[in-house]
>>> print(open('coords18.csv').read())   # CSV, C-alpha atoms (C1' of nucleotides)
chain,number,residue,atom,x,y,z
Y,1351,MET,CA,-32.1,-6.1,21.1
Y,1352,LYS,CA,-28.7,-6.2,19.6
Y,1353,THR,CA,-27.8,-9.1,17.4
Y,1354,ASP,CA,-24.3,-10.4,16.6
Y,1355,ASP,CA,-24.6,-8.9,13.2
Y,1356,ASP,CA,-25.2,-5.4,14.6
Y,1357,THR,CA,-22.1,-5.8,16.7
Y,1358,ALA,CA,-20.1,-7.0,13.7
Y,1359,LEU,CA,-21.2,-3.9,11.7
Y,1360,GLU,CA,-20.2,-1.7,14.7
Y,1361,VAL,CA,-16.8,-3.2,14.8
Y,1362,PHE,CA,-16.3,-3.1,11.1
Y,1363,GLY,CA,-17.5,0.5,11.0
Y,1364,PHE,CA,-15.0,1.4,13.6
Y,1365,PHE,CA,-12.0,0.0,11.7
Y,1366,ASN,CA,-13.4,1.5,8.5
Y,1367,GLU,CA,-13.3,4.9,10.2
Y,1368,ILE,CA,-9.7,4.3,11.4
Y,1369,GLY,CA,-8.7,3.3,7.8
Y,1370,ILE,CA,-10.1,6.4,6.3
Y,1371,ILE,CA,-8.5,8.7,8.9
Y,1372,ASN,CA,-5.2,6.9,8.3
Y,1373,GLN,CA,-5.6,7.3,4.5
Y,1374,LEU,CA,-6.3,11.0,4.8
Y,1375,SER,CA,-3.5,11.7,7.3
Y,1376,THR,CA,-1.0,9.7,5.4
Y,1377,THR,CA,-1.8,11.6,2.2
Y,1378,MET,CA,-1.4,14.9,4.0
Y,1379,LEU,CA,1.9,13.8,5.4
Y,1380,ALA,CA,3.1,12.6,2.0
Y,1381,LYS,CA,2.3,16.0,0.5
Y,1382,SER,CA,4.4,17.8,3.1
Y,1383,LEU,CA,7.4,15.6,2.6
Y,1384,PRO,CA,10.0,16.1,-0.2
Y,1385,ASP,CA,9.8,13.9,-3.3
Y,1386,GLY,CA,11.1,10.4,-2.8
Y,1387,ILE,CA,10.6,10.3,0.9
Y,1388,HIS,CA,7.6,8.3,1.9
Y,1389,PRO,CA,5.8,8.7,5.2
Y,1390,SER,CA,7.0,5.4,6.3
Y,1391,HIS,CA,10.6,6.5,5.7
Y,1392,PHE,CA,10.0,9.6,7.7
Y,1393,SER,CA,8.5,7.5,10.4
Y,1394,ILE,CA,11.6,5.4,10.7
Y,1395,LEU,CA,13.8,8.4,11.1
Y,1396,ASN,CA,11.5,9.8,13.6
Y,1397,HIS,CA,11.5,6.6,15.6
Y,1398,LEU,CA,15.3,6.5,15.6
Y,1399,VAL,CA,15.5,10.1,16.9
Y,1400,ARG,CA,13.0,9.5,19.6
Y,1401,MET,CA,13.9,6.0,20.7
Y,1402,GLY,CA,17.6,6.2,20.0
Y,1403,ASP,CA,19.5,4.7,17.1
Y,1404,GLY,CA,21.7,1.6,17.1
Y,1405,LYS,CA,18.7,-0.7,16.8
Y,1406,SER,CA,18.4,-3.8,14.7
Y,1407,PRO,CA,16.3,-3.7,11.5
Y,1408,LEU,CA,14.0,-6.4,13.0
Y,1409,ARG,CA,13.4,-4.3,16.1
Y,1410,ILE,CA,12.5,-1.3,14.0
Y,1411,ALA,CA,10.2,-3.4,11.8
Y,1412,SER,CA,8.4,-4.6,14.8
Y,1413,ALA,CA,8.0,-1.1,16.2
Y,1414,MET,CA,6.7,0.1,12.8
Y,1415,GLN,CA,4.5,-3.0,12.4
Y,1416,VAL,CA,5.8,-3.9,9.0
Y,1417,THR,CA,7.5,-7.1,7.8
Y,1418,LYS,CA,11.2,-7.4,7.8
Y,1419,ASN,CA,11.4,-7.6,4.0
Y,1420,THR,CA,9.7,-4.2,3.9
Y,1421,MET,CA,12.2,-2.9,6.4
Y,1422,THR,CA,15.1,-4.1,4.3
Y,1423,HIS,CA,13.7,-2.1,1.4
Y,1424,SER,CA,13.0,1.0,3.4
Y,1425,LEU,CA,16.4,1.0,5.0
Y,1426,LYS,CA,18.0,0.7,1.6
Y,1427,VAL,CA,16.2,3.9,0.5
Y,1428,LEU,CA,17.3,5.8,3.6
Y,1429,GLN,CA,20.8,4.5,3.2
Y,1430,ASP,CA,21.0,5.6,-0.4
Y,1431,ARG,CA,19.9,9.0,0.6
Y,1432,GLY,CA,22.6,9.1,3.3
Y,1433,TYR,CA,20.2,9.5,6.2
Y,1434,ILE,CA,21.3,6.3,8.0
Y,1435,GLY,CA,24.2,4.0,8.2
Y,1436,VAL,CA,23.9,0.2,8.6
Y,1437,GLU,CA,26.7,-1.7,10.2
Y,1438,PRO,CA,27.1,-5.3,11.3
Y,1439,ASN,CA,26.3,-6.1,14.9
Y,1440,PRO,CA,29.7,-6.9,16.5
Y,1441,ASP,CA,27.9,-9.2,19.0
Y,1442,ASP,CA,25.9,-11.2,16.6
Y,1443,GLY,CA,27.2,-12.2,13.1
Y,1444,ARG,CA,23.6,-12.4,11.7
Y,1445,GLY,CA,22.5,-9.0,12.9
Y,1446,LYS,CA,22.9,-5.4,11.8
Y,1447,LEU,CA,22.6,-2.1,13.6
Y,1448,VAL,CA,21.1,1.1,12.2
Y,1449,TYR,CA,22.6,4.5,12.9
Y,1450,LEU,CA,21.4,8.0,12.1
Y,1451,THR,CA,23.8,10.2,10.1
Y,1452,ASP,CA,24.1,13.9,10.7
Y,1453,ALA,CA,22.2,14.5,7.4
Y,1454,GLY,CA,19.5,12.2,8.6
Y,1455,ARG,CA,19.0,14.2,11.8
Y,1456,VAL,CA,19.0,17.5,9.9
Y,1457,PHE,CA,16.5,16.1,7.4
Y,1458,ARG,CA,14.2,14.9,10.2
Y,1459,ASP,CA,14.3,18.2,12.0
Y,1460,GLN,CA,13.4,20.1,8.9
Y,1461,ALA,CA,10.7,17.7,7.9
Y,1462,ILE,CA,9.2,18.0,11.4
Y,1463,LEU,CA,8.8,21.7,10.8
Y,1464,ARG,CA,7.1,21.3,7.5
Y,1465,VAL,CA,4.8,18.6,8.7
Y,1466,THR,CA,3.9,20.6,11.8
Y,1467,ASP,CA,3.0,23.5,9.6
Y,1468,ALA,CA,0.8,21.4,7.3
Y,1469,PHE,CA,-1.0,19.8,10.2
Y,1470,GLY,CA,-1.3,23.0,12.1
Y,1471,ASP,CA,-3.4,24.4,9.2
Y,1472,VAL,CA,-5.9,21.6,9.6
Y,1473,ILE,CA,-5.8,20.6,13.3
Y,1474,GLY,CA,-7.5,23.2,15.4
Y,1475,PRO,CA,-8.3,23.4,19.1
Y,1476,ASP,CA,-11.5,21.3,18.7
Y,1477,GLN,CA,-9.6,18.6,16.9
Y,1478,LEU,CA,-6.8,18.7,19.4
Y,1479,SER,CA,-9.1,18.3,22.3
Y,1480,ILE,CA,-10.6,15.2,20.6
Y,1481,ILE,CA,-7.2,13.8,20.0
Y,1482,ARG,CA,-6.3,14.3,23.6
Y,1483,ARG,CA,-9.5,12.7,24.8
Y,1484,ILE,CA,-9.3,9.5,22.8
Y,1485,HIS,CA,-5.5,8.9,22.5
Y,1486,GLY,CA,-5.4,6.7,25.6
Y,1487,ASP,CA,-8.3,4.5,24.4
Y,1488,LEU,CA,-6.6,4.1,21.0
Y,1489,GLU,CA,-3.4,2.9,22.8
Y,1490,LEU,CA,-5.5,0.3,24.6
Y,1491,ILE,CA,-6.9,-1.0,21.4
Y,1492,ARG,CA,-3.6,-1.0,19.7
Y,1493,ALA,CA,-1.9,-2.8,22.6
Y,1494,HIS,CA,-4.7,-5.4,22.7
Y,1495,LEU,CA,-4.6,-6.0,18.9
Y,1496,ASP,CA,-0.8,-6.3,19.1
Y,1497,ARG,CA,-1.0,-8.8,21.9
Y,1498,ASN,CA,-3.7,-11.0,20.3
Y,1499,ARG,CA,-2.3,-11.0,16.8
G,859,MET,CA,4.1,25.0,29.7
G,860,LYS,CA,3.3,23.4,26.5
G,861,THR,CA,5.3,24.3,23.4
G,862,ASP,CA,4.3,24.0,19.8
G,863,ASP,CA,6.6,21.1,19.5
G,864,ASP,CA,4.9,19.2,22.2
G,865,THR,CA,1.6,19.7,20.4
G,866,ALA,CA,3.2,18.5,17.2
G,867,LEU,CA,4.4,15.3,18.9
G,868,GLU,CA,1.0,14.8,20.4
G,869,VAL,CA,-0.7,15.1,17.0
G,870,PHE,CA,1.9,12.9,15.3
G,871,GLY,CA,1.6,10.3,18.0
G,872,PHE,CA,-2.1,10.2,17.5
G,873,PHE,CA,-1.9,9.5,13.8
G,874,ASN,CA,0.8,7.1,14.4
G,875,GLU,CA,-1.4,5.1,16.7
G,876,ILE,CA,-4.2,5.3,14.1
G,877,GLY,CA,-1.7,4.0,11.5
G,878,ILE,CA,-0.7,1.0,13.6
G,879,ILE,CA,-4.2,0.0,14.4
G,880,ASN,CA,-5.1,0.3,10.8
G,881,GLN,CA,-2.1,-1.9,9.9
G,882,LEU,CA,-3.0,-4.6,12.5
G,883,SER,CA,-6.7,-4.7,11.6
G,884,THR,CA,-6.1,-4.7,7.9
G,885,THR,CA,-3.7,-7.7,8.3
G,886,MET,CA,-6.3,-9.5,10.4
G,887,LEU,CA,-8.9,-8.8,7.8
G,888,ALA,CA,-6.6,-10.0,5.0
G,889,LYS,CA,-6.0,-13.3,6.7
G,890,SER,CA,-9.6,-14.0,7.1
G,891,LEU,CA,-10.4,-13.4,3.4
G,892,PRO,CA,-9.7,-16.0,0.6
G,893,ASP,CA,-6.7,-15.6,-1.5
G,894,GLY,CA,-6.8,-13.0,-4.2
G,895,ILE,CA,-9.4,-10.9,-2.4
G,896,HIS,CA,-7.8,-7.8,-0.8
G,897,PRO,CA,-9.5,-6.0,2.1
G,898,SER,CA,-10.1,-3.1,-0.2
G,899,HIS,CA,-12.0,-5.3,-2.6
G,900,PHE,CA,-14.1,-6.7,0.3
G,901,SER,CA,-14.7,-3.2,1.4
G,902,ILE,CA,-16.1,-2.2,-2.0
G,903,LEU,CA,-18.5,-5.2,-2.1
G,904,ASN,CA,-19.6,-4.3,1.4
G,905,HIS,CA,-20.2,-0.8,0.5
G,906,LEU,CA,-22.4,-1.8,-2.5
G,907,VAL,CA,-24.5,-4.1,-0.3
G,908,ARG,CA,-25.0,-1.5,2.4
G,909,MET,CA,-25.4,1.6,0.3
G,910,GLY,CA,-27.0,0.0,-2.7
G,911,ASP,CA,-25.4,-0.8,-6.1
G,912,GLY,CA,-25.8,1.1,-9.4
G,913,LYS,CA,-23.2,3.7,-8.3
G,914,SER,CA,-20.5,5.2,-10.5
G,915,PRO,CA,-16.9,4.2,-10.0
G,916,LEU,CA,-16.1,7.8,-9.1
G,917,ARG,CA,-18.7,7.8,-6.3
G,918,ILE,CA,-17.4,4.6,-4.9
G,919,ALA,CA,-13.8,5.9,-5.1
G,920,SER,CA,-14.8,8.9,-3.2
G,921,ALA,CA,-16.6,6.9,-0.5
G,922,MET,CA,-13.6,4.6,-0.1
G,923,GLN,CA,-11.1,7.5,-0.2
G,924,VAL,CA,-9.0,6.1,-3.0
G,925,THR,CA,-8.1,7.7,-6.3
G,926,LYS,CA,-10.1,6.9,-9.4
G,927,ASN,CA,-7.2,5.1,-11.0
G,928,THR,CA,-7.0,2.8,-8.0
G,929,MET,CA,-10.8,2.2,-8.3
G,930,THR,CA,-10.5,1.3,-12.0
G,931,HIS,CA,-8.0,-1.4,-11.0
G,932,SER,CA,-10.0,-2.7,-8.1
G,933,LEU,CA,-13.2,-2.9,-10.1
G,934,LYS,CA,-11.4,-4.9,-12.8
G,935,VAL,CA,-10.3,-7.5,-10.2
G,936,LEU,CA,-13.9,-7.8,-8.9
G,937,GLN,CA,-15.3,-8.0,-12.4
G,938,ASP,CA,-12.8,-10.7,-13.4
G,939,ARG,CA,-13.9,-12.7,-10.3
G,940,GLY,CA,-17.6,-12.2,-11.4
G,941,TYR,CA,-18.6,-10.4,-8.3
G,942,ILE,CA,-19.7,-7.2,-10.0
G,943,GLY,CA,-20.9,-6.1,-13.4
G,944,VAL,CA,-20.0,-2.7,-14.9
G,945,GLU,CA,-22.3,-1.1,-17.5
G,946,PRO,CA,-22.4,2.2,-19.3
G,947,ASN,CA,-24.5,4.8,-17.7
G,948,PRO,CA,-27.5,5.3,-20.0
G,949,ASP,CA,-27.9,9.0,-18.9
G,950,ASP,CA,-24.2,10.0,-19.3
G,951,GLY,CA,-22.0,8.7,-22.1
G,952,ARG,CA,-18.9,9.2,-20.0
G,953,GLY,CA,-20.0,7.3,-17.0
G,954,LYS,CA,-20.4,3.7,-15.9
G,955,LEU,CA,-22.5,2.1,-13.2
G,956,VAL,CA,-21.5,-0.8,-11.0
G,957,TYR,CA,-23.8,-3.6,-10.1
G,958,LEU,CA,-23.4,-6.6,-7.7
G,959,THR,CA,-23.9,-10.0,-9.2
G,960,ASP,CA,-25.5,-12.9,-7.3
G,961,ALA,CA,-22.1,-14.4,-6.9
G,962,GLY,CA,-20.9,-11.1,-5.4
G,963,ARG,CA,-23.6,-11.0,-2.8
G,964,VAL,CA,-23.0,-14.6,-1.9
G,965,PHE,CA,-19.3,-14.1,-1.5
G,966,ARG,CA,-19.8,-11.0,0.6
G,967,ASP,CA,-22.2,-12.8,2.9
G,968,GLN,CA,-19.8,-15.7,3.4
G,969,ALA,CA,-16.9,-13.3,3.9
G,970,ILE,CA,-18.8,-11.4,6.6
G,971,LEU,CA,-19.3,-14.6,8.5
G,972,ARG,CA,-15.6,-15.5,8.4
G,973,VAL,CA,-14.5,-11.9,9.2
G,974,THR,CA,-17.0,-11.7,12.1
G,975,ASP,CA,-15.5,-14.9,13.5
G,976,ALA,CA,-12.0,-13.8,13.3
G,977,PHE,CA,-12.7,-10.4,14.9
G,978,GLY,CA,-14.9,-12.0,17.5
G,979,ASP,CA,-11.9,-13.9,18.8
G,980,VAL,CA,-10.0,-10.7,19.4
G,981,ILE,CA,-12.6,-8.0,20.2
G,982,GLY,CA,-14.0,-8.7,23.6
G,983,PRO,CA,-16.5,-6.7,25.8
G,984,ASP,CA,-13.7,-4.3,27.0
G,985,GLN,CA,-12.7,-3.5,23.4
G,986,LEU,CA,-16.2,-3.2,22.3
G,987,SER,CA,-17.0,-0.6,24.9
G,988,ILE,CA,-14.0,1.4,23.9
G,989,ILE,CA,-15.0,1.2,20.3
G,990,ARG,CA,-18.5,2.5,21.2
G,991,ARG,CA,-17.0,5.2,23.3
G,992,ILE,CA,-14.8,6.8,20.7
G,993,HIS,CA,-16.5,6.0,17.5
G,994,GLY,CA,-18.3,9.3,17.4
G,995,ASP,CA,-15.1,11.3,18.0
G,996,LEU,CA,-13.4,9.4,15.2
G,997,GLU,CA,-16.2,10.4,12.9
G,998,LEU,CA,-15.7,14.0,13.8
G,999,ILE,CA,-12.0,13.8,13.1
G,1000,ARG,CA,-12.6,12.0,9.8
G,1001,ALA,CA,-15.2,14.5,8.7
G,1002,HIS,CA,-13.0,17.4,9.5
G,1003,LEU,CA,-10.0,16.0,7.7
G,1004,ASP,CA,-12.2,15.2,4.7
G,1005,ARG,CA,-13.5,18.7,4.7
G,1006,ASN,CA,-10.1,20.4,5.0
G,1007,ARG,CA,-8.3,18.2,2.6
C,633,DC,C1',-23.5,26.0,-33.5
C,634,DT,C1',-18.8,26.2,-31.8
C,635,DT,C1',-15.2,26.7,-28.8
C,636,DG,C1',-13.2,26.0,-24.3
C,637,DA,C1',-13.7,24.3,-19.6
C,638,DC,C1',-15.0,20.5,-16.9
C,639,DT,C1',-15.9,15.6,-15.7
C,640,DA,C1',-15.6,10.2,-16.0
C,641,DG,C1',-12.5,6.6,-16.8
C,642,DT,C1',-8.3,4.5,-18.5
C,643,DT,C1',-3.4,3.7,-19.2
C,644,DC,C1',1.4,4.1,-17.8
C,645,DT,C1',5.0,4.3,-14.6
C,646,DA,C1',6.8,4.1,-10.1
C,647,DC,C1',6.9,2.4,-5.6
C,648,DA,C1',5.6,0.5,-0.8
C,649,DT,C1',4.4,-3.7,0.9
C,650,DC,C1',3.6,-8.5,1.5
C,651,DG,C1',4.4,-13.7,1.3
C,652,DA,C1',7.5,-17.3,0.4
C,653,DA,C1',11.8,-19.2,-0.5
C,654,DC,C1',16.4,-18.7,0.7
C,655,DC,C1',21.2,-18.0,3.1
C,656,DA,C1',24.0,-17.4,7.0
C,657,DT,C1',24.6,-17.5,11.8
C,658,DT,C1',23.5,-18.8,16.4
C,659,DA,C1',21.3,-21.7,19.8
C,660,DT,C1',19.8,-26.1,21.5
C,661,DA,C1',19.2,-31.3,22.1
C,662,DG,C1',20.9,-35.7,22.3
O,315,DC,C1',30.5,-32.6,19.1
O,316,DT,C1',27.1,-32.9,15.8
O,317,DA,C1',22.6,-32.5,13.9
O,318,DT,C1',18.5,-29.9,14.1
O,319,DA,C1',15.9,-25.9,15.1
O,320,DA,C1',15.5,-21.0,15.5
O,321,DT,C1',16.8,-16.2,14.2
O,322,DG,C1',18.3,-12.0,11.3
O,323,DG,C1',18.3,-10.4,6.7
O,324,DT,C1',17.9,-10.6,1.7
O,325,DT,C1',15.8,-11.6,-2.8
O,326,DC,C1',12.0,-12.5,-5.9
O,327,DG,C1',7.5,-12.1,-7.6
O,328,DA,C1',3.0,-10.2,-7.2
O,329,DT,C1',-0.2,-6.7,-6.0
O,330,DG,C1',-2.5,-2.3,-4.3
O,331,DT,C1',-2.0,2.4,-4.7
O,332,DA,C1',-0.7,7.1,-6.3
O,333,DG,C1',0.4,10.8,-9.8
O,334,DA,C1',0.5,12.3,-14.4
O,335,DA,C1',-0.9,12.3,-19.0
O,336,DC,C1',-4.5,11.0,-22.0
O,337,DT,C1',-9.3,10.0,-24.3
O,338,DA,C1',-14.0,10.8,-24.7
O,339,DG,C1',-18.2,12.8,-23.5
O,340,DT,C1',-20.8,16.9,-21.4
O,341,DC,C1',-21.8,21.6,-20.4
O,342,DA,C1',-21.6,26.6,-20.7
O,343,DA,C1',-20.6,31.1,-22.9
O,344,DG,C1',-20.7,33.8,-26.9
>>> encode(input="coords18.csv", output="structure tokens")
Amino acid sequence: MKTDDDTALEVFGFFNEIGIINQLSTTMLAKSLPDGIHPSHFSILNHLVRMGDGKSPLRIASAMQVTKNTMTHSLKVLQDRGYIGVEPNPDDGRGKLVYLTDAGRVFRDQAILRVTDAFGDVIGPDQLSIIRRIHGDLELIRAHLDRNR
Amino acid sequence: MKTDDDTALEVFGFFNEIGIINQLSTTMLAKSLPDGIHPSHFSILNHLVRMGDGKSPLRIASAMQVTKNTMTHSLKVLQDRGYIGVEPNPDDGRGKLVYLTDAGRVFRDQAILRVTDAFGDVIGPDQLSIIRRIHGDLELIRAHLDRNR
DNA sequence: CTTGACTAGTTCTACATCGAACCATTATAG
DNA sequence: CTATAATGGTTCGATGTAGAACTAGTCAAG
């Protein structure tokens, strides 16, 4: 019969597996990006392209699951590189809005190509079918964790 | 018909989901550990308890998927706290061996209780069944990434 | 033996990230 | 209206982590 302890180990083992996969994939991603651009920066650009820009820093932070102070820092890096522009929100004196620049879009598109290449070398048909199989379940877990934070 | 780009987005979305789950679970874990003990530190203690101590720093680093310089740092923290002892390897003048102290074992056991509590509040039967369902697939992905690093 | 390649750990520097304290603006209650 | 609470961002200090260069010990080839 299963004890609570067994269950705990099961849960812990699961998140451990998640952590290592994250570690390995982040490292792969980092290696296929140019120097000075961290995976998290790329992720922000990608988010803005896919979801549309003109979002507030706080909204982006929430989507990326990082704190707002981290987002302040990351946006500064992207702004210094000329990939985004940050402007005050005309409707709210406290807020700001983030826009992609042309350079930002170009950089993101080129980065996608390089990243796709790098991952294509490692992710074969077998892995792809696993990814497709469990993606929905991962979404459920993520949504649940997010809701019960 | 599916293009390469669609596939890339699928793969990217998968790792993104993994990253967010990792982020959320790490944050949960961090909150249920006492101040000054990072999840990665806890993970090392846990590893030593489960796999047996007397391992070299490099072996532990490899198991945790961090670099050896990171491991040097983490072990120093654990040693300062009195949770581990580090001794020279009698069979290899270059190497060292890591041992758990009694305090380390006690701390780990207490931490397990607190962590189990915290996760028990969030992980219900539905989540547990998902975890059981996809754990094997995650192992496959992890092993593949590890092999093709 | 001795030299050159390899391995185990450390140190240094850089950076992403967090928590906490803080400022400015907006919203709400009395 | 005014005082208080809540919200959006920034700044500061601390810390985990990676990459590169380095030291010291081991191993292998001649």
>>> interface_residues(input="coords18.csv", of="chain Y", to="chain O", cutoff="8 Å", atoms="only C-alpha atoms (C1' of nucleotides)", output="ChimeraX atom specification")
/Y:1408,1418-1419,1422,1444-1445
>>> interface_residues(input="coords18.csv", of="chain Y", to="chain C", cutoff="10 Å", atoms="all atoms listed in the file", output="list in words")
Gly1386, His1388, Ser1390, Val1416, Thr1417, Lys1418, Asn1419, Thr1420, Met1421, His1423, Ser1424, Asp1442, Gly1443, Arg1444 and Gly1445 of chain Y
>>> write_last_selection(input="coords18.csv", atoms="C-alpha atoms", output="PDB file, in the coordinates of the input")
ATOM      1  CA  GLY Y1386      11.100  10.400  -2.800  1.00  0.00           C
ATOM      2  CA  HIS Y1388       7.600   8.300   1.900  1.00  0.00           C
ATOM      3  CA  SER Y1390       7.000   5.400   6.300  1.00  0.00           C
ATOM      4  CA  VAL Y1416       5.800  -3.900   9.000  1.00  0.00           C
ATOM      5  CA  THR Y1417       7.500  -7.100   7.800  1.00  0.00           C
ATOM      6  CA  LYS Y1418      11.200  -7.400   7.800  1.00  0.00           C
ATOM      7  CA  ASN Y1419      11.400  -7.600   4.000  1.00  0.00           C
ATOM      8  CA  THR Y1420       9.700  -4.200   3.900  1.00  0.00           C
ATOM      9  CA  MET Y1421      12.200  -2.900   6.400  1.00  0.00           C
ATOM     10  CA  HIS Y1423      13.700  -2.100   1.400  1.00  0.00           C
ATOM     11  CA  SER Y1424      13.000   1.000   3.400  1.00  0.00           C
ATOM     12  CA  ASP Y1442      25.900 -11.200  16.600  1.00  0.00           C
ATOM     13  CA  GLY Y1443      27.200 -12.200  13.100  1.00  0.00           C
ATOM     14  CA  ARG Y1444      23.600 -12.400  11.700  1.00  0.00           C
ATOM     15  CA  GLY Y1445      22.500  -9.000  12.900  1.00  0.00           C
TER      16      GLY Y1445
END
>>> residues_around(input="coords18.csv", residues="His1485 of chain Y", least_positions_apart="6", cutoff="9 Å", atoms="all atoms listed in the file", output="list in words")
Gly871, Phe872 and Glu875 of chain G
>>> interface_residues(input="coords18.csv", of="chain G", to="chain Y", cutoff="9 Å", atoms="all atoms listed in the file", output="NGL selection string")
:G and (862-863 or 865-884 or 886 or 901 or 922-924 or 970 or 973-974 or 977-981 or 985-986 or 988-993 or 995-1004 or 1006-1007)
>>> atom_distance(input="coords18.csv", atom1="atom CA of Gly1404 of chain Y", atom2="atom CA of Gln1460 of chain Y")
21.9 Å
>>> atom_distance(input="coords18.csv", atom1="atom CA of Ile1394 of chain Y", atom2="atom CA of Ile1410 of chain Y")
7.5 Å
>>> atom_distance(input="coords18.csv", atom1="atom CA of Gly1435 of chain Y", atom2="atom CA of Ser1406 of chain Y")
11.7 Å
>>> build_atoms(input="coords18.csv", residues="segment 860-876 of chain G", atoms="N, CA and C atoms", output="PDB file, in the coordinates of the input")
ATOM      1  N   LYS G 860       3.201  24.131  27.691  1.00  0.00           N
ATOM      2  CA  LYS G 860       3.300  23.400  26.500  1.00  0.00           C
ATOM      3  C   LYS G 860       3.827  24.189  25.289  1.00  0.00           C
ATOM      4  N   THR G 861       4.768  23.625  24.578  1.00  0.00           N
ATOM      5  CA  THR G 861       5.300  24.300  23.400  1.00  0.00           C
ATOM      6  C   THR G 861       4.590  23.775  22.158  1.00  0.00           C
ATOM      7  N   ASP G 862       4.818  24.451  21.026  1.00  0.00           N
ATOM      8  CA  ASP G 862       4.300  24.000  19.800  1.00  0.00           C
ATOM      9  C   ASP G 862       4.775  22.589  19.434  1.00  0.00           C
ATOM     10  N   ASP G 863       6.025  22.368  19.805  1.00  0.00           N
ATOM     11  CA  ASP G 863       6.600  21.100  19.500  1.00  0.00           C
ATOM     12  C   ASP G 863       5.965  19.943  20.244  1.00  0.00           C
ATOM     13  N   ASP G 864       5.613  20.193  21.485  1.00  0.00           N
ATOM     14  CA  ASP G 864       4.900  19.200  22.200  1.00  0.00           C
ATOM     15  C   ASP G 864       3.582  18.840  21.546  1.00  0.00           C
ATOM     16  N   THR G 865       2.898  19.881  21.123  1.00  0.00           N
ATOM     17  CA  THR G 865       1.600  19.700  20.400  1.00  0.00           C
ATOM     18  C   THR G 865       1.815  18.860  19.166  1.00  0.00           C
ATOM     19  N   ALA G 866       2.872  19.203  18.427  1.00  0.00           N
ATOM     20  CA  ALA G 866       3.200  18.500  17.200  1.00  0.00           C
ATOM     21  C   ALA G 866       3.370  16.995  17.481  1.00  0.00           C
ATOM     22  N   LEU G 867       4.135  16.713  18.515  1.00  0.00           N
ATOM     23  CA  LEU G 867       4.400  15.300  18.900  1.00  0.00           C
ATOM     24  C   LEU G 867       3.104  14.601  19.271  1.00  0.00           C
ATOM     25  N   GLU G 868       2.252  15.332  19.963  1.00  0.00           N
ATOM     26  CA  GLU G 868       1.000  14.800  20.400  1.00  0.00           C
ATOM     27  C   GLU G 868       0.145  14.381  19.146  1.00  0.00           C
ATOM     28  N   VAL G 869       0.060  15.316  18.206  1.00  0.00           N
ATOM     29  CA  VAL G 869      -0.700  15.100  17.000  1.00  0.00           C
ATOM     30  C   VAL G 869      -0.090  13.926  16.199  1.00  0.00           C
ATOM     31  N   PHE G 870       1.218  13.982  16.081  1.00  0.00           N
ATOM     32  CA  PHE G 870       1.900  12.900  15.300  1.00  0.00           C
ATOM     33  C   PHE G 870       1.709  11.575  15.979  1.00  0.00           C
ATOM     34  N   GLY G 871       1.813  11.546  17.296  1.00  0.00           N
ATOM     35  CA  GLY G 871       1.600  10.300  18.000  1.00  0.00           C
ATOM     36  C   GLY G 871       0.227   9.728  17.813  1.00  0.00           C
ATOM     37  N   PHE G 872      -0.731  10.616  17.773  1.00  0.00           N
ATOM     38  CA  PHE G 872      -2.100  10.200  17.500  1.00  0.00           C
ATOM     39  C   PHE G 872      -2.259   9.487  16.198  1.00  0.00           C
ATOM     40  N   PHE G 873      -1.766  10.139  15.149  1.00  0.00           N
ATOM     41  CA  PHE G 873      -1.900   9.500  13.800  1.00  0.00           C
ATOM     42  C   PHE G 873      -1.057   8.294  13.662  1.00  0.00           C
ATOM     43  N   ASN G 874       0.011   8.255  14.419  1.00  0.00           N
ATOM     44  CA  ASN G 874       0.800   7.100  14.400  1.00  0.00           C
ATOM     45  C   ASN G 874       0.060   5.879  15.000  1.00  0.00           C
ATOM     46  N   GLU G 875      -0.611   6.138  16.096  1.00  0.00           N
ATOM     47  CA  GLU G 875      -1.400   5.100  16.700  1.00  0.00           C
ATOM     48  C   GLU G 875      -2.526   4.630  15.766  1.00  0.00           C
ATOM     49  N   ILE G 876      -3.151   5.583  15.111  1.00  0.00           N
ATOM     50  CA  ILE G 876      -4.200   5.300  14.100  1.00  0.00           C
ATOM     51  C   ILE G 876      -3.581   4.366  13.012  1.00  0.00           C
TER      52      ILE G 876
END
